[in-house]
Amino acid sequence: MPPAASRRTGLGWYTRARMRGAGGTEGGTGQFLLGLVMAVGGAYLLTQQVMVSSGFWAWFGPHTFGLSLLPLVFGIGMLFFDGKSTVGWLLTICGAAIIFLGVLMNLRVYFEPTSLFNTLVMLLLLAGGLGLVARSLRPRA
């Protein structure tokens, strides 16, 4: 029989009894929030030091981007003709993967110069925050 206090609040006694901390474990909510803030802050600071640029599409040589569109275009055409075509789905997925990988392979990622102290602060915030989040989700003994 549920206590009278739970009937007055509108919350079921089962719901209140089952509420736990971070990840369904006992406690750990404070650690989870502190770790989350640290990890987000470290990731933000780290990504502010990274510059991303792109170059020319030269995966299979210069001026080959048009060739990488052919499997995608033929696959889409086959799917418009027959939506259950296995070959059409295969060509479409492979064509999209070729384009996606080609874009990724042509990205250039640079870490802008910064002091060793700033780099250590960024990495310690990120790693320490992820560690606290993981520890807060672990069941307590």
# chains A, B, ... in the order shown; residues from 1 in each chain; ligands from 1
$ residues_around --residues "Gly95 in chain A" --least-positions-apart "5" --cutoff "10 Å" --atoms "only C-alpha atoms" --output "PyMOL selection string"
chain A and resi 67-76+89-90+100-101
$ residues_around --residues "range 33-41 of chain A" --least-positions-apart "6" --cutoff "12 Å" --atoms "only C-alpha atoms" --output "list in words"
Gly21, Ala22, Gly23, Gly27, Thr47, Gln48, Val121, Met122, Leu123, Leu124, Leu125, Leu126, Ala127, Gly128, Gly129, Leu130, Gly131, Leu132, Val133, Ala134, Arg135, Ser136 and Leu137 of chain A
$ atom_distance --atom1 "CA of Phe80 in chain A" --atom2 "CA of Thr92 in chain A"
11.4 Å
$ select_by_dssp --residues "range 27-131 of chain A" --states "strand (DSSP E or B)" --output "mmCIF file with N, CA and C atoms, in the first residue's frame"
data_model
loop_
_atom_site.group_PDB
_atom_site.id
_atom_site.type_symbol
_atom_site.label_atom_id
_atom_site.label_comp_id
_atom_site.auth_asym_id
_atom_site.auth_seq_id
_atom_site.Cartn_x
_atom_site.Cartn_y
_atom_site.Cartn_z
ATOM 1 N N VAL A 50 41.613 24.274 -33.592
ATOM 2 C CA VAL A 50 41.742 23.458 -34.798
ATOM 3 C C VAL A 50 41.183 24.214 -35.996
ATOM 4 N N MET A 51 41.967 24.262 -37.059
ATOM 5 C CA MET A 51 41.524 24.869 -38.312
ATOM 6 C C MET A 51 41.350 23.754 -39.343
ATOM 7 N N VAL A 52 40.240 23.779 -40.048
ATOM 8 C CA VAL A 52 39.955 22.773 -41.068
ATOM 9 C C VAL A 52 39.818 23.481 -42.402
ATOM 10 N N SER A 53 40.527 22.988 -43.392
ATOM 11 C CA SER A 53 40.403 23.535 -44.746
ATOM 12 C C SER A 53 40.300 22.371 -45.708
ATOM 13 N N SER A 54 39.991 22.675 -46.921
ATOM 14 C CA SER A 54 39.885 21.611 -47.923
ATOM 15 C C SER A 54 40.737 21.982 -49.125
ATOM 16 N N LEU A 107 40.125 16.822 -46.660
ATOM 17 C CA LEU A 107 40.162 17.817 -45.589
ATOM 18 C C LEU A 107 41.571 17.891 -45.016
ATOM 19 N N ARG A 108 41.966 19.073 -44.674
ATOM 20 C CA ARG A 108 43.249 19.288 -44.015
ATOM 21 C C ARG A 108 42.960 19.888 -42.647
ATOM 22 N N VAL A 109 43.451 19.230 -41.612
ATOM 23 C CA VAL A 109 43.196 19.649 -40.235
ATOM 24 C C VAL A 109 44.509 20.125 -39.639
ATOM 25 N N TYR A 110 44.507 21.360 -39.120
ATOM 26 C CA TYR A 110 45.698 21.954 -38.523
ATOM 27 C C TYR A 110 45.389 22.359 -37.092
ATOM 28 N N PHE A 111 46.346 22.116 -36.196
ATOM 29 C CA PHE A 111 46.250 22.570 -34.818
ATOM 30 C C PHE A 111 47.025 23.869 -34.727
#
